[in-house]
Amino acid sequence: MKQYEKPLPRPTPWSKPFWDGCKRHELLIQKCKECRRLVFYPKKICSHCLSPSLEWVKASGRGTVYSYTVVYSYQPTEFSEDVPYVIAIINLQEGVRMMSNIVDCPLETLKCDMEVEVVFDAVTAEVTLPKFKPIA
Ligand SMILES: [Zn+2]
């Protein structure tokens, strides 16, 4: 297997459960125990009511494409070999938005509001990245 040389997430104490969930192929988001609203990305306190009482809940992994861009060229980076690739904002069914990549999708079929589901890409032994693909 080729060495993965792209930037990797560096989990914080409050985001580590998210990354651990990805390794288990579970997409986790935080839920506030006080106001019961969902919070993403991982935070130490609720972004709605500032409560520190957050718990982790399993998301469906399904959503729709809110917006996207196709990267065709760029300054040379670790991602240069991947062009063209898609960066998208996903509206998860649960009501939070997540930035990720769309994979396994011909570019000519890519469109806003298309239904997608999470897939997990184990890029190293330690890190699994959540990405999204069209729902067949
Ligand atoms: Zn709250």
# chains A, B, ... in the order shown; residues from 1 in each chain; ligands from 1
>>> residues_around(residues="Gln30 in chain A", least_positions_apart="2", cutoff="6 Å", atoms="only C-alpha atoms", output="VMD selection string")
chain A and resid 38 to 39 55 to 56
>>> residues_near_ligand(ligand="ligand 1", cutoff="9 Å", atoms="only C-alpha atoms and all ligand atoms", output="NGL selection string")
:A and (31-39 or 45-54)
>>> select_by_dssp(residues="chain A", states="strand (DSSP E or B)", output="VMD selection string")
chain A and resid 28 to 32 38 to 39 54 to 58 62 to 71 85 to 92 97 to 102 115 to 122 128 to 134
>>> write_last_selection(atoms="C-alpha atoms", output="mmCIF file, in the first residue's frame")
data_model
loop_
_atom_site.group_PDB
_atom_site.id
_atom_site.type_symbol
_atom_site.label_atom_id
_atom_site.label_comp_id
_atom_site.auth_asym_id
_atom_site.auth_seq_id
_atom_site.Cartn_x
_atom_site.Cartn_y
_atom_site.Cartn_z
ATOM 1 C CA LEU A 28 -21.113 10.622 15.134
ATOM 2 C CA ILE A 29 -22.389 14.094 15.875
ATOM 3 C CA GLN A 30 -22.842 15.860 19.171
ATOM 4 C CA LYS A 31 -26.195 16.515 20.812
ATOM 5 C CA CYS A 32 -26.712 18.995 23.611
ATOM 6 C CA LEU A 38 -27.320 18.967 17.326
ATOM 7 C CA VAL A 39 -23.819 20.367 17.097
ATOM 8 C CA LEU A 54 -22.761 17.336 25.049
ATOM 9 C CA GLU A 55 -23.270 13.700 24.137
ATOM 10 C CA TRP A 56 -22.484 11.745 20.975
ATOM 11 C CA VAL A 57 -25.222 10.312 18.782
ATOM 12 C CA LYS A 58 -24.947 8.216 15.656
ATOM 13 C CA ARG A 62 -27.322 10.175 4.689
ATOM 14 C CA GLY A 63 -27.897 13.640 3.358
ATOM 15 C CA THR A 64 -27.970 15.853 0.319
ATOM 16 C CA VAL A 65 -25.392 18.007 -1.429
ATOM 17 C CA TYR A 66 -25.899 21.623 -0.370
ATOM 18 C CA SER A 67 -23.064 23.012 -2.491
ATOM 19 C CA TYR A 68 -19.857 21.840 -4.077
ATOM 20 C CA THR A 69 -16.843 22.807 -6.103
ATOM 21 C CA VAL A 70 -14.753 20.729 -8.460
ATOM 22 C CA VAL A 71 -11.033 21.280 -8.068
ATOM 23 C CA TYR A 85 -11.834 16.134 -7.074
ATOM 24 C CA VAL A 86 -14.968 17.387 -5.372
ATOM 25 C CA ILE A 87 -15.250 19.347 -2.151
ATOM 26 C CA ALA A 88 -18.835 19.570 -0.972
ATOM 27 C CA ILE A 89 -21.003 20.736 1.866
ATOM 28 C CA ILE A 90 -23.440 18.023 2.848
ATOM 29 C CA ASN A 91 -26.760 18.673 4.576
ATOM 30 C CA LEU A 92 -27.040 15.640 6.815
ATOM 31 C CA ARG A 97 -23.791 20.539 7.621
ATOM 32 C CA MET A 98 -20.499 18.770 7.027
ATOM 33 C CA MET A 99 -17.713 19.515 4.555
ATOM 34 C CA SER A 100 -16.304 16.487 2.819
ATOM 35 C CA ASN A 101 -15.429 14.973 -0.537
ATOM 36 C CA ILE A 102 -17.854 13.390 -2.992
ATOM 37 C CA GLU A 115 -28.799 12.299 -2.226
ATOM 38 C CA VAL A 116 -25.555 10.980 -0.811
ATOM 39 C CA GLU A 117 -24.421 8.611 1.899
ATOM 40 C CA VAL A 118 -21.254 8.358 3.900
ATOM 41 C CA VAL A 119 -18.437 5.993 3.008
ATOM 42 C CA PHE A 120 -15.402 5.527 5.173
ATOM 43 C CA ASP A 121 -11.911 5.758 3.706
ATOM 44 C CA ALA A 122 -9.252 4.239 5.967
ATOM 45 C CA THR A 128 -10.423 6.984 8.626
ATOM 46 C CA LEU A 129 -11.972 9.874 6.706
ATOM 47 C CA PRO A 130 -15.711 10.213 6.106
ATOM 48 C CA LYS A 131 -16.540 10.877 2.462
ATOM 49 C CA PHE A 132 -19.825 10.773 0.577
ATOM 50 C CA LYS A 133 -21.050 9.005 -2.535
ATOM 51 C CA PRO A 134 -24.325 9.189 -4.448
#
>>> residues_around(residues="range 5-7 of chain A", least_positions_apart="6", cutoff="12 Å", atoms="only C-alpha atoms", output="PDB file with all heavy atoms, in the first residue's frame")
ATOM      1  N   THR A  77       0.013  20.950  -4.311  1.00  0.00           N
ATOM      2  CA  THR A  77      -0.210  20.552  -2.926  1.00  0.00           C
ATOM      3  C   THR A  77      -0.157  19.034  -2.865  1.00  0.00           C
ATOM      4  O   THR A  77      -0.008  18.360  -3.894  1.00  0.00           O
ATOM      5  CB  THR A  77      -1.587  21.000  -2.387  1.00  0.00           C
ATOM      6  OG1 THR A  77      -2.600  20.180  -2.987  1.00  0.00           O
ATOM      7  CG2 THR A  77      -1.851  22.465  -2.644  1.00  0.00           C
ATOM      8  N   GLU A  78      -0.354  18.531  -1.680  1.00  0.00           N
ATOM      9  CA  GLU A  78      -0.406  17.078  -1.501  1.00  0.00           C
ATOM     10  C   GLU A  78      -1.598  16.461  -2.228  1.00  0.00           C
ATOM     11  O   GLU A  78      -1.653  15.248  -2.419  1.00  0.00           O
ATOM     12  CB  GLU A  78      -0.484  16.727  -0.014  1.00  0.00           C
ATOM     13  CG  GLU A  78       0.739  17.121   0.791  1.00  0.00           C
ATOM     14  CD  GLU A  78       0.650  18.541   1.353  1.00  0.00           C
ATOM     15  OE1 GLU A  78      -0.132  19.367   0.845  1.00  0.00           O
ATOM     16  OE2 GLU A  78       1.390  18.820   2.317  1.00  0.00           O
ATOM     17  N   PHE A  79      -2.579  17.293  -2.613  1.00  0.00           N
ATOM     18  CA  PHE A  79      -3.780  16.782  -3.258  1.00  0.00           C
ATOM     19  C   PHE A  79      -3.713  16.883  -4.789  1.00  0.00           C
ATOM     20  O   PHE A  79      -4.670  16.533  -5.465  1.00  0.00           O
ATOM     21  CB  PHE A  79      -5.011  17.548  -2.750  1.00  0.00           C
ATOM     22  CG  PHE A  79      -5.238  17.382  -1.271  1.00  0.00           C
ATOM     23  CD1 PHE A  79      -4.783  18.346  -0.388  1.00  0.00           C
ATOM     24  CD2 PHE A  79      -5.885  16.270  -0.770  1.00  0.00           C
ATOM     25  CE1 PHE A  79      -4.979  18.208   0.983  1.00  0.00           C
ATOM     26  CE2 PHE A  79      -6.082  16.110   0.596  1.00  0.00           C
ATOM     27  CZ  PHE A  79      -5.626  17.084   1.474  1.00  0.00           C
ATOM     28  N   SER A  80      -2.602  17.361  -5.338  1.00  0.00           N
ATOM     29  CA  SER A  80      -2.496  17.589  -6.784  1.00  0.00           C
ATOM     30  C   SER A  80      -2.809  16.336  -7.591  1.00  0.00           C
ATOM     31  O   SER A  80      -3.433  16.403  -8.654  1.00  0.00           O
ATOM     32  CB  SER A  80      -1.100  18.097  -7.142  1.00  0.00           C
ATOM     33  OG  SER A  80      -0.893  19.375  -6.580  1.00  0.00           O
ATOM     34  N   GLU A  81      -2.384  15.178  -7.100  1.00  0.00           N
ATOM     35  CA  GLU A  81      -2.591  13.948  -7.872  1.00  0.00           C
ATOM     36  C   GLU A  81      -4.068  13.550  -7.939  1.00  0.00           C
ATOM     37  O   GLU A  81      -4.428  12.685  -8.726  1.00  0.00           O
ATOM     38  CB  GLU A  81      -1.778  12.803  -7.270  1.00  0.00           C
ATOM     39  CG  GLU A  81      -2.279  12.372  -5.905  1.00  0.00           C
ATOM     40  CD  GLU A  81      -1.385  11.337  -5.229  1.00  0.00           C
ATOM     41  OE1 GLU A  81      -0.165  11.376  -5.428  1.00  0.00           O
ATOM     42  OE2 GLU A  81      -1.947  10.506  -4.502  1.00  0.00           O
ATOM     43  N   ASP A  82      -4.911  14.183  -7.119  1.00  0.00           N
ATOM     44  CA  ASP A  82      -6.325  13.802  -7.066  1.00  0.00           C
ATOM     45  C   ASP A  82      -7.201  14.580  -8.038  1.00  0.00           C
ATOM     46  O   ASP A  82      -8.371  14.244  -8.208  1.00  0.00           O
ATOM     47  CB  ASP A  82      -6.879  14.025  -5.652  1.00  0.00           C
ATOM     48  CG  ASP A  82      -6.206  13.142  -4.620  1.00  0.00           C
ATOM     49  OD1 ASP A  82      -5.667  12.080  -5.004  1.00  0.00           O
ATOM     50  OD2 ASP A  82      -6.208  13.521  -3.438  1.00  0.00           O
ATOM     51  N   VAL A 123      -7.512   5.828   5.407  1.00  0.00           N
ATOM     52  CA  VAL A 123      -6.332   6.286   4.678  1.00  0.00           C
ATOM     53  C   VAL A 123      -5.033   5.868   5.353  1.00  0.00           C
ATOM     54  O   VAL A 123      -3.997   5.773   4.702  1.00  0.00           O
ATOM     55  CB  VAL A 123      -6.362   7.817   4.439  1.00  0.00           C
ATOM     56  CG1 VAL A 123      -7.539   8.184   3.531  1.00  0.00           C
ATOM     57  CG2 VAL A 123      -6.422   8.588   5.737  1.00  0.00           C
ATOM     58  N   THR A 124      -5.065   5.640   6.658  1.00  0.00           N
ATOM     59  CA  THR A 124      -3.918   5.078   7.383  1.00  0.00           C
ATOM     60  C   THR A 124      -4.488   4.107   8.414  1.00  0.00           C
ATOM     61  O   THR A 124      -5.700   4.004   8.592  1.00  0.00           O
ATOM     62  CB  THR A 124      -3.089   6.159   8.123  1.00  0.00           C
ATOM     63  OG1 THR A 124      -3.863   6.666   9.214  1.00  0.00           O
ATOM     64  CG2 THR A 124      -2.676   7.297   7.200  1.00  0.00           C
ATOM     65  N   VAL A 127      -6.199   6.628  10.888  1.00  0.00           N
ATOM     66  CA  VAL A 127      -7.172   7.646  10.461  1.00  0.00           C
ATOM     67  C   VAL A 127      -8.097   7.131   9.362  1.00  0.00           C
ATOM     68  O   VAL A 127      -7.646   6.634   8.336  1.00  0.00           O
ATOM     69  CB  VAL A 127      -6.448   8.926   9.968  1.00  0.00           C
ATOM     70  CG1 VAL A 127      -7.459   9.939   9.453  1.00  0.00           C
ATOM     71  CG2 VAL A 127      -5.606   9.529  11.072  1.00  0.00           C
ATOM     72  N   LEU A 129     -11.309   8.632   7.078  1.00  0.00           N
ATOM     73  CA  LEU A 129     -11.972   9.874   6.706  1.00  0.00           C
ATOM     74  C   LEU A 129     -13.383   9.581   6.206  1.00  0.00           C
ATOM     75  O   LEU A 129     -13.587   8.668   5.395  1.00  0.00           O
ATOM     76  CB  LEU A 129     -11.180  10.587   5.601  1.00  0.00           C
ATOM     77  CG  LEU A 129      -9.743  10.966   5.942  1.00  0.00           C
ATOM     78  CD1 LEU A 129      -9.052  11.549   4.697  1.00  0.00           C
ATOM     79  CD2 LEU A 129      -9.683  11.954   7.091  1.00  0.00           C
TER      80      LEU A 129
END
>>> select_by_dssp(residues="chain A", states="helix (DSSP H, G or I)", output="list of chain:residue names")
A:Lys16, A:Pro17, A:Phe18, A:Trp19, A:Asp20, A:Gly21, A:Cys22, A:Lys23, A:Ser80, A:Glu81, A:Asp82, A:Leu107, A:Glu108, A:Thr109
>>> write_last_selection(atoms="N, CA, C and O atoms", output="JSON list (two decimals), in the first residue's frame")
[["chain", "number", "residue", "atom", "x", "y", "z"],
["A", 16, "LYS", "N", -11.89, 13.67, 19.32],
["A", 16, "LYS", "CA", -11.42, 12.28, 19.21],
["A", 16, "LYS", "C", -12.58, 11.28, 19.08],
["A", 16, "LYS", "O", -12.47, 10.35, 18.26],
["A", 17, "PRO", "N", -13.69, 11.42, 19.82],
["A", 17, "PRO", "CA", -14.79, 10.46, 19.63],
["A", 17, "PRO", "C", -15.31, 10.44, 18.18],
["A", 17, "PRO", "O", -15.71, 9.39, 17.69],
["A", 18, "PHE", "N", -15.31, 11.60, 17.51],
["A", 18, "PHE", "CA", -15.75, 11.64, 16.11],
["A", 18, "PHE", "C", -14.83, 10.77, 15.25],
["A", 18, "PHE", "O", -15.30, 9.93, 14.47],
["A", 19, "TRP", "N", -13.52, 10.96, 15.41],
["A", 19, "TRP", "CA", -12.56, 10.20, 14.59],
["A", 19, "TRP", "C", -12.55, 8.72, 14.97],
["A", 19, "TRP", "O", -12.40, 7.87, 14.09],
["A", 20, "ASP", "N", -12.73, 8.43, 16.25],
["A", 20, "ASP", "CA", -12.83, 7.03, 16.66],
["A", 20, "ASP", "C", -14.07, 6.38, 16.05],
["A", 20, "ASP", "O", -14.04, 5.22, 15.64],
["A", 21, "GLY", "N", -15.16, 7.14, 15.97],
["A", 21, "GLY", "CA", -16.37, 6.64, 15.33],
["A", 21, "GLY", "C", -16.14, 6.33, 13.86],
["A", 21, "GLY", "O", -16.59, 5.30, 13.36],
["A", 22, "CYS", "N", -15.43, 7.20, 13.18],
["A", 22, "CYS", "CA", -15.14, 6.96, 11.75],
["A", 22, "CYS", "C", -14.37, 5.64, 11.58],
["A", 22, "CYS", "O", -14.63, 4.89, 10.64],
["A", 23, "LYS", "N", -13.45, 5.37, 12.49],
["A", 23, "LYS", "CA", -12.70, 4.11, 12.40],
["A", 23, "LYS", "C", -13.63, 2.90, 12.52],
["A", 23, "LYS", "O", -13.38, 1.86, 11.94],
["A", 80, "SER", "N", -2.60, 17.36, -5.34],
["A", 80, "SER", "CA", -2.50, 17.59, -6.78],
["A", 80, "SER", "C", -2.81, 16.34, -7.59],
["A", 80, "SER", "O", -3.43, 16.40, -8.65],
["A", 81, "GLU", "N", -2.38, 15.18, -7.10],
["A", 81, "GLU", "CA", -2.59, 13.95, -7.87],
["A", 81, "GLU", "C", -4.07, 13.55, -7.94],
["A", 81, "GLU", "O", -4.43, 12.69, -8.73],
["A", 82, "ASP", "N", -4.91, 14.18, -7.12],
["A", 82, "ASP", "CA", -6.32, 13.80, -7.07],
["A", 82, "ASP", "C", -7.20, 14.58, -8.04],
["A", 82, "ASP", "O", -8.37, 14.24, -8.21],
["A", 107, "LEU", "N", -18.42, 13.33, -12.68],
["A", 107, "LEU", "CA", -18.61, 14.76, -12.49],
["A", 107, "LEU", "C", -19.84, 15.29, -13.23],
["A", 107, "LEU", "O", -20.51, 16.21, -12.75],
["A", 108, "GLU", "N", -20.16, 14.70, -14.38],
["A", 108, "GLU", "CA", -21.31, 15.19, -15.15],
["A", 108, "GLU", "C", -22.64, 14.88, -14.48],
["A", 108, "GLU", "O", -23.67, 15.45, -14.84],
["A", 109, "THR", "N", -22.63, 14.00, -13.48],
["A", 109, "THR", "CA", -23.89, 13.69, -12.78],
["A", 109, "THR", "C", -24.00, 14.42, -11.45],
["A", 109, "THR", "O", -25.05, 14.37, -10.80]]
